[in-house]
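For reference, target-v1.pdb (PDB, C-alpha atoms (C1' of nucleotides)):
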```
ATOM      1  CA  MET A  15     -74.201-105.445  94.510  1.00  0.00           C
ATOM      2  CA  THR A  16     -70.942-103.725  93.881  1.00  0.00           C
ATOM      3  CA  GLY A  17     -71.768-100.310  95.274  1.00  0.00           C
ATOM      4  CA  LEU A  18     -70.680 -98.806  91.956  1.00  0.00           C
ATOM      5  CA  PRO A  19     -72.936 -96.699  89.706  1.00  0.00           C
ATOM      6  CA  ASP A  20     -73.045 -99.639  87.274  1.00  0.00           C
ATOM      7  CA  PRO A  21     -73.167-103.128  88.814  1.00  0.00           C
ATOM      8  CA  THR A  22     -71.267-104.572  85.855  1.00  0.00           C
ATOM      9  CA  TRP A  23     -68.183-102.498  86.640  1.00  0.00           C
ATOM     10  CA  GLN A  24     -65.361-104.311  88.413  1.00  0.00           C
ATOM     11  CA  VAL A  25     -63.103-102.656  90.982  1.00  0.00           C
ATOM     12  CA  LEU A  26     -59.444-103.175  90.057  1.00  0.00           C
ATOM     13  CA  PRO A  27     -57.802-105.669  92.426  1.00  0.00           C
ATOM     14  CA  ARG A  28     -54.757-104.922  94.587  1.00  0.00           C
ATOM     15  CA  GLU A  29     -52.544-107.054  92.339  1.00  0.00           C
ATOM     16  CA  PHE A  30     -53.196-104.718  89.419  1.00  0.00           C
ATOM     17  CA  TYR A  31     -51.167-102.045  91.193  1.00  0.00           C
ATOM     18  CA  ARG A  32     -48.340-104.225  92.504  1.00  0.00           C
ATOM     19  CA  ARG A  33     -46.091-103.679  89.491  1.00  0.00           C
ATOM     20  CA  HIS A  34     -43.759-101.077  88.071  1.00  0.00           C
ATOM     21  CA  PRO A  35     -45.645 -97.823  87.361  1.00  0.00           C
ATOM     22  CA  ALA A  36     -44.460 -97.848  83.739  1.00  0.00           C
ATOM     23  CA  LEU A  37     -46.461-101.069  83.342  1.00  0.00           C
ATOM     24  CA  VAL A  38     -49.456 -99.986  85.394  1.00  0.00           C
ATOM     25  CA  ALA A  39     -49.809 -96.530  83.830  1.00  0.00           C
ATOM     26  CA  PRO A  40     -50.796 -97.479  80.257  1.00  0.00           C
ATOM     27  CA  GLU A  41     -53.177-100.108  81.628  1.00  0.00           C
ATOM     28  CA  LEU A  42     -54.983 -97.456  83.662  1.00  0.00           C
ATOM     29  CA  LEU A  43     -56.071 -95.796  80.414  1.00  0.00           C
ATOM     30  CA  ASN A  44     -59.800 -96.332  79.850  1.00  0.00           C
ATOM     31  CA  LYS A  45     -60.342 -97.411  83.451  1.00  0.00           C
ATOM     32  CA  ILE A  46     -62.865 -95.401  85.488  1.00  0.00           C
ATOM     33  CA  LEU A  47     -62.303 -93.246  88.557  1.00  0.00           C
ATOM     34  CA  VAL A  48     -65.414 -93.477  90.716  1.00  0.00           C
ATOM     35  CA  ARG A  49     -66.616 -91.552  93.744  1.00  0.00           C
ATOM     36  CA  SER A  50     -69.444 -92.949  95.853  1.00  0.00           C
ATOM     37  CA  ASP A  51     -71.523 -89.792  95.411  1.00  0.00           C
ATOM     38  CA  GLY A  52     -72.030 -90.764  91.776  1.00  0.00           C
ATOM     39  CA  ARG A  53     -69.140 -89.026  90.079  1.00  0.00           C
ATOM     40  CA  ALA A  54     -67.343 -91.190  87.506  1.00  0.00           C
ATOM     41  CA  ALA A  55     -64.814 -90.378  84.762  1.00  0.00           C
ATOM     42  CA  ARG A  56     -62.786 -92.375  82.265  1.00  0.00           C
ATOM     43  CA  ILE A  57     -59.029 -92.022  82.753  1.00  0.00           C
ATOM     44  CA  VAL A  58     -57.448 -90.867  79.484  1.00  0.00           C
ATOM     45  CA  GLU A  59     -53.999 -89.562  80.493  1.00  0.00           C
ATOM     46  CA  VAL A  60     -51.428 -90.777  83.048  1.00  0.00           C
ATOM     47  CA  GLU A  61     -47.778 -90.477  84.042  1.00  0.00           C
ATOM     48  CA  ALA A  62     -45.472 -92.917  85.855  1.00  0.00           C
ATOM     49  CA  TYR A  63     -43.217 -91.864  88.750  1.00  0.00           C
ATOM     50  CA  ALA A  64     -40.670 -94.405  89.950  1.00  0.00           C
ATOM     51  CA  GLY A  65     -39.173 -93.540  93.319  1.00  0.00           C
ATOM     52  CA  SER A  66     -35.400 -93.857  93.660  1.00  0.00           C
ATOM     53  CA  GLU A  67     -35.058 -94.629  89.922  1.00  0.00           C
ATOM     54  CA  ASP A  68     -36.677 -91.368  88.956  1.00  0.00           C
ATOM     55  CA  PRO A  69     -35.209 -87.923  89.712  1.00  0.00           C
ATOM     56  CA  ALA A  70     -38.548 -86.299  88.855  1.00  0.00           C
ATOM     57  CA  ALA A  71     -40.494 -88.264  91.485  1.00  0.00           C
ATOM     58  CA  HIS A  72     -41.458 -86.719  94.823  1.00  0.00           C
ATOM     59  CA  SER A  73     -40.214 -89.980  96.356  1.00  0.00           C
ATOM     60  CA  PHE A  74     -36.762 -89.813  94.692  1.00  0.00           C
ATOM     61  CA  ARG A  75     -34.907 -88.735  97.827  1.00  0.00           C
ATOM     62  CA  GLY A  76     -36.630 -91.121 100.153  1.00  0.00           C
ATOM     63  CA  ARG A  77     -39.641 -91.114 102.389  1.00  0.00           C
ATOM     64  CA  THR A  78     -40.810 -87.894 104.026  1.00  0.00           C
ATOM     65  CA  ALA A  79     -43.995 -87.002 105.866  1.00  0.00           C
ATOM     66  CA  ARG A  80     -45.491 -85.710 102.645  1.00  0.00           C
ATOM     67  CA  THR A  81     -44.668 -88.790 100.554  1.00  0.00           C
ATOM     68  CA  ALA A  82     -45.369 -91.416 103.212  1.00  0.00           C
ATOM     69  CA  THR A  83     -48.406 -92.693 101.314  1.00  0.00           C
ATOM     70  CA  MET A  84     -46.304 -93.290  98.197  1.00  0.00           C
ATOM     71  CA  PHE A  85     -44.117 -95.648 100.202  1.00  0.00           C
ATOM     72  CA  GLY A  86     -47.103 -97.581 101.521  1.00  0.00           C
ATOM     73  CA  GLU A  87     -49.242-100.351 100.090  1.00  0.00           C
ATOM     74  CA  ALA A  88     -50.149-100.323  96.395  1.00  0.00           C
ATOM     75  CA  GLY A  89     -53.681 -99.408  95.433  1.00  0.00           C
ATOM     76  CA  HIS A  90     -53.932 -96.379  97.708  1.00  0.00           C
ATOM     77  CA  LEU A  91     -54.268 -92.733  96.655  1.00  0.00           C
ATOM     78  CA  TYR A  92     -51.272 -90.426  97.089  1.00  0.00           C
ATOM     79  CA  VAL A  93     -52.512 -86.821  97.098  1.00  0.00           C
ATOM     80  CA  TYR A  94     -50.080 -83.896  96.968  1.00  0.00           C
ATOM     81  CA  PHE A  95     -50.494 -80.129  97.102  1.00  0.00           C
ATOM     82  CA  THR A  96     -48.611 -77.835  94.730  1.00  0.00           C
ATOM     83  CA  TYR A  97     -48.402 -74.264  93.421  1.00  0.00           C
ATOM     84  CA  GLY A  98     -50.135 -73.147  96.591  1.00  0.00           C
ATOM     85  CA  MET A  99     -53.539 -74.129  95.246  1.00  0.00           C
ATOM     86  CA  HIS A 100     -53.703 -77.401  93.332  1.00  0.00           C
ATOM     87  CA  TRP A 101     -54.056 -81.048  94.324  1.00  0.00           C
ATOM     88  CA  GLY A 102     -52.643 -84.002  92.400  1.00  0.00           C
ATOM     89  CA  SER A 103     -53.915 -87.584  92.599  1.00  0.00           C
ATOM     90  CA  ASN A 104     -51.798 -90.701  92.154  1.00  0.00           C
ATOM     91  CA  ALA A 105     -52.352 -94.439  92.388  1.00  0.00           C
ATOM     92  CA  VAL A 106     -49.595 -95.973  94.516  1.00  0.00           C
ATOM     93  CA  CYS A 107     -47.879 -98.880  92.719  1.00  0.00           C
ATOM     94  CA  GLY A 108     -45.228-101.546  93.232  1.00  0.00           C
ATOM     95  CA  GLU A 109     -44.215-102.933  96.602  1.00  0.00           C
ATOM     96  CA  ALA A 110     -44.343-101.012  99.870  1.00  0.00           C
ATOM     97  CA  GLY A 111     -41.132 -99.064 100.295  1.00  0.00           C
ATOM     98  CA  GLU A 112     -40.523 -98.417  96.593  1.00  0.00           C
ATOM     99  CA  GLY A 113     -42.279 -95.051  96.351  1.00  0.00           C
ATOM    100  CA  PHE A 114     -43.888 -95.845  92.997  1.00  0.00           C
ATOM    101  CA  GLY A 115     -47.012 -94.194  91.653  1.00  0.00           C
ATOM    102  CA  VAL A 116     -49.064 -93.186  88.632  1.00  0.00           C
ATOM    103  CA  LEU A 117     -50.320 -89.605  88.359  1.00  0.00           C
ATOM    104  CA  LEU A 118     -53.879 -89.353  87.059  1.00  0.00           C
ATOM    105  CA  ARG A 119     -53.596 -86.451  84.614  1.00  0.00           C
ATOM    106  CA  ALA A 120     -56.891 -86.327  82.765  1.00  0.00           C
ATOM    107  CA  ALA A 121     -60.285 -87.987  82.576  1.00  0.00           C
ATOM    108  CA  GLU A 122     -63.512 -87.822  80.592  1.00  0.00           C
ATOM    109  CA  PRO A 123     -66.550 -87.185  82.809  1.00  0.00           C
ATOM    110  CA  LEU A 124     -69.154 -89.955  82.526  1.00  0.00           C
ATOM    111  CA  LEU A 125     -71.521 -89.628  85.490  1.00  0.00           C
ATOM    112  CA  GLY A 126     -72.203 -87.030  88.156  1.00  0.00           C
ATOM    113  CA  VAL A 127     -71.238 -84.331  85.689  1.00  0.00           C
ATOM    114  CA  GLU A 128     -73.386 -81.732  87.450  1.00  0.00           C
ATOM    115  CA  LEU A 129     -71.446 -82.312  90.687  1.00  0.00           C
ATOM    116  CA  MET A 130     -68.219 -81.841  88.753  1.00  0.00           C
ATOM    117  CA  ARG A 131     -69.478 -78.578  87.263  1.00  0.00           C
ATOM    118  CA  GLN A 132     -70.278 -77.349  90.763  1.00  0.00           C
ATOM    119  CA  ALA A 133     -66.816 -78.363  91.967  1.00  0.00           C
ATOM    120  CA  ARG A 134     -65.218 -76.523  89.016  1.00  0.00           C
ATOM    121  CA  PRO A 135     -67.269 -73.356  88.544  1.00  0.00           C
ATOM    122  CA  ARG A 136     -64.654 -71.810  86.251  1.00  0.00           C
ATOM    123  CA  ALA A 137     -64.754 -74.596  83.692  1.00  0.00           C
ATOM    124  CA  ARG A 138     -66.564 -73.318  80.626  1.00  0.00           C
ATOM    125  CA  ARG A 139     -66.936 -76.601  78.794  1.00  0.00           C
ATOM    126  CA  ASP A 140     -67.321 -80.119  80.111  1.00  0.00           C
ATOM    127  CA  ARG A 141     -64.086 -81.060  78.394  1.00  0.00           C
ATOM    128  CA  ASP A 142     -62.349 -78.643  80.779  1.00  0.00           C
ATOM    129  CA  LEU A 143     -63.705 -80.368  83.886  1.00  0.00           C
ATOM    130  CA  ALA A 144     -60.908 -82.906  84.321  1.00  0.00           C
ATOM    131  CA  SER A 145     -58.378 -82.264  81.521  1.00  0.00           C
ATOM    132  CA  GLY A 146     -55.370 -81.849  83.836  1.00  0.00           C
ATOM    133  CA  PRO A 147     -54.162 -83.258  87.155  1.00  0.00           C
ATOM    134  CA  GLY A 148     -55.364 -80.290  89.210  1.00  0.00           C
ATOM    135  CA  LYS A 149     -58.661 -80.131  87.352  1.00  0.00           C
ATOM    136  CA  LEU A 150     -59.286 -83.859  87.758  1.00  0.00           C
ATOM    137  CA  SER A 151     -58.698 -83.659  91.504  1.00  0.00           C
ATOM    138  CA  GLN A 152     -60.901 -80.589  91.839  1.00  0.00           C
ATOM    139  CA  ALA A 153     -63.699 -82.154  89.778  1.00  0.00           C
ATOM    140  CA  PHE A 154     -63.758 -85.101  92.188  1.00  0.00           C
ATOM    141  CA  GLY A 155     -63.334 -82.990  95.321  1.00  0.00           C
ATOM    142  CA  ILE A 156     -60.028 -84.700  96.097  1.00  0.00           C
ATOM    143  CA  ASN A 157     -57.861 -82.930  98.674  1.00  0.00           C
ATOM    144  CA  ARG A 158     -55.596 -83.765 101.599  1.00  0.00           C
ATOM    145  CA  ASP A 159     -58.402 -85.681 103.291  1.00  0.00           C
ATOM    146  CA  PHE A 160     -58.123 -88.290 100.544  1.00  0.00           C
ATOM    147  CA  ASP A 161     -54.396 -88.919 100.880  1.00  0.00           C
ATOM    148  CA  GLY A 162     -54.045 -92.605 101.711  1.00  0.00           C
ATOM    149  CA  ALA A 163     -57.568 -93.545 100.573  1.00  0.00           C
ATOM    150  CA  ASP A 164     -57.857 -97.211  99.588  1.00  0.00           C
ATOM    151  CA  LEU A 165     -58.753 -97.399  95.901  1.00  0.00           C
ATOM    152  CA  VAL A 166     -59.565-101.100  96.264  1.00  0.00           C
ATOM    153  CA  GLY A 167     -61.526-101.168  99.517  1.00  0.00           C
ATOM    154  CA  GLY A 168     -63.072 -97.755  98.943  1.00  0.00           C
ATOM    155  CA  ASP A 169     -62.749 -96.639 102.552  1.00  0.00           C
ATOM    156  CA  ARG A 170     -63.146 -92.989 101.534  1.00  0.00           C
ATOM    157  CA  GLY A 171     -65.503 -93.502  98.643  1.00  0.00           C
ATOM    158  CA  ILE A 172     -62.907 -93.319  95.862  1.00  0.00           C
ATOM    159  CA  ARG A 173     -62.142 -96.338  93.699  1.00  0.00           C
ATOM    160  CA  ILE A 174     -60.907 -97.274  90.241  1.00  0.00           C
ATOM    161  CA  ALA A 175     -62.957 -99.759  88.226  1.00  0.00           C
ATOM    162  CA  SER A 176     -63.225-101.240  84.749  1.00  0.00           C
ATOM    163  CA  ASP A 177     -66.306-101.342  82.559  1.00  0.00           C
ATOM    164  CA  GLY A 178     -64.611-103.866  80.277  1.00  0.00           C
ATOM    165  CA  THR A 179     -63.121-101.311  77.900  1.00  0.00           C
ATOM    166  CA  PRO A 180     -59.520-102.357  77.232  1.00  0.00           C
ATOM    167  CA  PRO A 181     -56.630 -99.882  77.216  1.00  0.00           C
ATOM    168  CA  PRO A 182     -55.792 -98.546  73.736  1.00  0.00           C
ATOM    169  CA  ASP A 183     -53.655-100.907  71.641  1.00  0.00           C
ATOM    170  CA  THR A 184     -51.295 -98.102  70.730  1.00  0.00           C
ATOM    171  CA  PRO A 185     -51.438 -95.307  73.309  1.00  0.00           C
ATOM    172  CA  VAL A 186     -49.595 -92.076  72.659  1.00  0.00           C
ATOM    173  CA  VAL A 187     -46.314 -92.162  74.623  1.00  0.00           C
ATOM    174  CA  GLY A 188     -44.049 -89.241  75.343  1.00  0.00           C
ATOM    175  CA  PRO A 189     -42.232 -87.104  77.894  1.00  0.00           C
ATOM    176  CA  ARG A 190     -43.917 -86.076  81.132  1.00  0.00           C
ATOM    177  CA  ILE A 191     -45.339 -82.600  81.652  1.00  0.00           C
ATOM    178  CA  GLY A 192     -44.303 -79.874  84.058  1.00  0.00           C
ATOM    179  CA  ILE A 193     -41.079 -81.469  85.310  1.00  0.00           C
ATOM    180  CA  SER A 194     -37.504 -80.203  85.051  1.00  0.00           C
ATOM    181  CA  ARG A 195     -35.567 -83.389  85.803  1.00  0.00           C
ATOM    182  CA  ALA A 196     -35.533 -86.715  83.962  1.00  0.00           C
ATOM    183  CA  VAL A 197     -37.410 -84.982  81.170  1.00  0.00           C
ATOM    184  CA  GLU A 198     -36.279 -87.699  78.762  1.00  0.00           C
ATOM    185  CA  PHE A 199     -38.221 -90.510  80.462  1.00  0.00           C
ATOM    186  CA  PRO A 200     -41.090 -91.381  78.063  1.00  0.00           C
ATOM    187  CA  TRP A 201     -43.482 -92.010  80.922  1.00  0.00           C
ATOM    188  CA  ARG A 202     -46.629 -90.158  79.896  1.00  0.00           C
ATOM    189  CA  TRP A 203     -49.381 -92.033  78.118  1.00  0.00           C
ATOM    190  CA  HIS A 204     -52.717 -90.934  76.750  1.00  0.00           C
ATOM    191  CA  VAL A 205     -55.578 -92.230  74.652  1.00  0.00           C
ATOM    192  CA  PRO A 206     -54.881 -91.289  71.010  1.00  0.00           C
ATOM    193  CA  GLY A 207     -56.838 -88.334  69.707  1.00  0.00           C
ATOM    194  CA  HIS A 208     -58.878 -87.946  72.861  1.00  0.00           C
ATOM    195  CA  LEU A 209     -60.633 -84.635  73.393  1.00  0.00           C
ATOM    196  CA  HIS A 210     -60.262 -84.634  77.174  1.00  0.00           C
ATOM    197  CA  VAL A 211     -56.473 -84.904  77.584  1.00  0.00           C
ATOM    198  CA  SER A 212     -54.442 -82.015  79.003  1.00  0.00           C
ATOM    199  CA  VAL A 213     -52.716 -79.953  76.342  1.00  0.00           C
ATOM    200  CA  PRO A 214     -48.973 -80.127  76.940  1.00  0.00           C
ATOM    201  CA  PRO A 215     -47.505 -76.675  77.608  1.00  0.00           C
ATOM    202  CA  ARG A 216     -44.537 -76.748  75.261  1.00  0.00           C
ATOM    203  CA  LYS A 217     -41.988 -75.308  77.712  1.00  0.00           C
ATOM    204  CA  ARG A 218     -39.702 -75.745  80.731  1.00  0.00           C
TER     205      ARG A 218
ATOM    206  C1'  DG B  11     -34.951 -69.961 110.035  1.00  0.00           C
ATOM    207  C1'  DT B  12     -34.599 -68.653 105.118  1.00  0.00           C
ATOM    208  C1'  DC B  13     -35.132 -69.262 100.356  1.00  0.00           C
ATOM    209  C1'  DC B  14     -36.508 -71.250  96.058  1.00  0.00           C
ATOM    210  C1'  DC B  15     -39.621 -73.303  93.184  1.00  0.00           C
ATOM    211  C1'  DG B  16     -42.852 -76.642  92.084  1.00  0.00           C
ATOM    212  C1'  DA B  17     -45.946 -83.624  88.912  1.00  0.00           C
ATOM    213  C1'  DT B  18     -50.732 -76.228  87.572  1.00  0.00           C
ATOM    214  C1'  DT B  19     -54.469 -73.343  86.123  1.00  0.00           C
ATOM    215  C1'  DC B  20     -56.491 -69.306  84.439  1.00  0.00           C
ATOM    216  C1'  DC B  21     -56.827 -64.978  82.229  1.00  0.00           C
ATOM    217  C1'  DC B  22     -54.853 -61.469  79.377  1.00  0.00           C
ATOM    218  C1'  DT B  23     -52.471 -59.996  75.201  1.00  0.00           C
TER     219       DT B  23
ATOM    220  C1'  DG C  16     -47.294 -66.965  74.554  1.00  0.00           C
ATOM    221  C1'  DG C  17     -46.762 -64.653  79.104  1.00  0.00           C
ATOM    222  C1'  DG C  18     -47.399 -63.968  83.859  1.00  0.00           C
ATOM    223  C1'  DA C  19     -49.875 -64.028  88.290  1.00  0.00           C
ATOM    224  C1'  DA C  20     -51.845 -66.572  92.046  1.00  0.00           C
ATOM    225  C1'  DT C  21     -50.438 -68.790  96.469  1.00  0.00           C
ATOM    226  C1'  DC C  22     -48.099 -71.734 100.028  1.00  0.00           C
ATOM    227  C1'  DG C  23     -45.788 -75.825 101.677  1.00  0.00           C
ATOM    228  C1'  DG C  24     -41.857 -79.063 101.113  1.00  0.00           C
ATOM    229  C1'  DG C  25     -37.301 -79.680 101.345  1.00  0.00           C
ATOM    230  C1'  DA C  26     -32.529 -78.153 100.641  1.00  0.00           C
ATOM    231  C1'  DC C  27     -29.240 -75.512 102.750  1.00  0.00           C
ATOM    232  C1'  DC C  28     -27.192 -71.981 106.097  1.00  0.00           C
TER     233       DC C  28
END
```
Show this structure as structure tokens.
Amino acid sequence: MTGLPDPTWQVLPREFYRRHPALVAPELLNKILVRSDGRAARIVEVEAYAGSEDPAAHSFRGRTARTATMFGEAGHLYVYFTYGMHWGSNAVCGEAGEGFGVLLRAAEPLLGVELMRQARPRARRDRDLASGPGKLSQAFGINRDFDGADLVGGDRGIRIASDGTPPPDTPVVGPRIGISRAVEFPWRWHVPGHLHVSVPPRKR
DNA sequence: GTCCCGATTCCCT
DNA sequence: GGGAATCGGGACC
């Protein structure tokens, strides 16, 4: 008994996360974000953020109260608040102290879709439920209370698992979205041709 | 203490 | 394609 919606799914082990986010990120594609209330969605778009190496990372200038989770143990959820209304969800990577993480930018709802619709009353179509970092967090009910949640142990009911689907052989790689610094880092990956990815606003 | 702007989303034109 | 909503983090005085 795994406690997951499907007993054949395997929770990703701690070691999966203990690497550079640019390695972890593309491997998170096609993995599944799971909440214990039955919500599950396939991760189809991610971005890497690399601490002191990365001027666009929240952790670039060192640890603060807000980014403390990012500097902790890999495999935990770093949740941040932005634009006065949106939450973003990241998987902490690397070694403690590095401030590495992978932003979960978009996912395809698989299970618990009705709960996601309730959490996102403004979404017209199901493909709008989690096609962006703020949308994904809202669809799963992720907020400040989930900052620091253990994605491996599932202490707060949020985990990442695999159903055996491998990451795409040739993911789409390109610049990250919504940042103004280090815009040249090609650290955004998504599943090719997927309907549920966020559409990159072409500016900034 | 003040000020700027953000790892965004939604609605209108 | 443009702009509003909304507020906390962090840089700087």
Within 7 Å of DT18 in chain B, counting only C-alpha atoms (C1' of nucleotides), which residues show up once you throw out same-chain ones fewer than 2 positions away? Write them as a PyMOL selection string, please. chain A and resi 97+100+148
Calculate how many Å separate CA of Val186 in chain A from CA of Gly207 in chain A, rounding to one decimal. 8.7 Å
Can you work out which residues from chain C touch chain A at a cut-off of 8 Å (counting all atoms listed in the file) and hand them back as a PDB file with C-alpha atoms (C1' of nucleotides), in the frame of the given file?
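Saved the output as result_10.pdb:
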```
ATOM      1  C1'  DT C  21     -50.438 -68.790  96.469  1.00  0.00           C
ATOM      2  C1'  DC C  22     -48.099 -71.734 100.028  1.00  0.00           C
ATOM      3  C1'  DG C  23     -45.788 -75.825 101.677  1.00  0.00           C
ATOM      4  C1'  DG C  24     -41.857 -79.063 101.113  1.00  0.00           C
TER       5       DG C  24
END
```
Please find the residues of chain B near chain A - the criterion being any atom within 12 Å, counting all atoms listed in the file - and write them as an MDAnalysis selection string. chainID B and resid 15:21
Expressed in Å to a single decimal, how great is the separation between CA of Ile156 in chain A and CA of Leu91 in chain A?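 Separation between CA of Ile156 in chain A and CA of Leu91 in chain A: 9.9 Å.
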Using the chain letters and numbers from this file, what does the PyMOL selection byres ((chain A and resi 90) around 8) select? Give the answer as a PDB file with C-alpha atoms, in the coordinates of the input.
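Saved to out_4.pdb:
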```
ATOM      1  CA  THR A  83     -48.406 -92.693 101.314  1.00  0.00           C
ATOM      2  CA  GLY A  86     -47.103 -97.581 101.521  1.00  0.00           C
ATOM      3  CA  GLU A  87     -49.242-100.351 100.090  1.00  0.00           C
ATOM      4  CA  ALA A  88     -50.149-100.323  96.395  1.00  0.00           C
ATOM      5  CA  GLY A  89     -53.681 -99.408  95.433  1.00  0.00           C
ATOM      6  CA  LEU A  91     -54.268 -92.733  96.655  1.00  0.00           C
ATOM      7  CA  TYR A  92     -51.272 -90.426  97.089  1.00  0.00           C
ATOM      8  CA  ALA A 105     -52.352 -94.439  92.388  1.00  0.00           C
ATOM      9  CA  VAL A 106     -49.595 -95.973  94.516  1.00  0.00           C
ATOM     10  CA  GLY A 162     -54.045 -92.605 101.711  1.00  0.00           C
ATOM     11  CA  ALA A 163     -57.568 -93.545 100.573  1.00  0.00           C
ATOM     12  CA  ASP A 164     -57.857 -97.211  99.588  1.00  0.00           C
ATOM     13  CA  LEU A 165     -58.753 -97.399  95.901  1.00  0.00           C
ATOM     14  CA  VAL A 166     -59.565-101.100  96.264  1.00  0.00           C
TER      15      VAL A 166
END
```
Selection result of the PyMOL selection byres ((chain B and resi 23) around 12) on this file, as a compact mmCIF listing (two decimals) with C-alpha atoms (C1' of nucleotides), keeping the file's coordinate frame:
```
# COMPACT_ATOMS: atom_id res chain seq x y z
C1' DC B 21 -56.83 -64.98 82.23
C1' DC B 22 -54.85 -61.47 79.38
C1' DG C 16 -47.29 -66.96 74.55
C1' DG C 17 -46.76 -64.65 79.10
C1' DG C 18 -47.40 -63.97 83.86
```
Please evaluate the PyMOL selection byres ((chain B and resi 13) around 9) against the structure above and give the resulting residues as an NGL selection string. (:B and (12 or 14)) or (:C and (27))
Nearest residue to Val116 in chain A out of A:Ala144, A:Arg173, A:Arg195, A:Ala64, using only C-alpha atoms?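 Comparing A:Ala144, A:Arg173, A:Arg195, A:Ala64 against Val116 in chain A, the winner is A:Ala64.
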Save chain C to disk from that block, C-alpha atoms (C1' of nucleotides) included, as a compact mmCIF listing (two decimals), in the first residue's frame.
```txt
# COMPACT_ATOMS: atom_id res chain seq x y z
C1' DG C 16 -1.42 43.22 -27.07
C1' DG C 17 -2.32 46.09 -22.91
C1' DG C 18 -3.19 47.00 -18.24
C1' DA C 19 -5.10 46.20 -13.60
C1' DA C 20 -5.14 43.62 -9.39
C1' DT C 21 -2.65 43.37 -4.89
C1' DC C 22 1.02 42.96 -1.26
C1' DG C 23 5.32 41.32 0.63
C1' DG C 24 10.40 40.96 0.07
C1' DG C 25 14.43 43.17 -0.09
C1' DA C 26 17.36 47.07 -1.45
C1' DC C 27 18.45 51.43 -0.02
C1' DC C 28 18.04 55.96 2.65
```
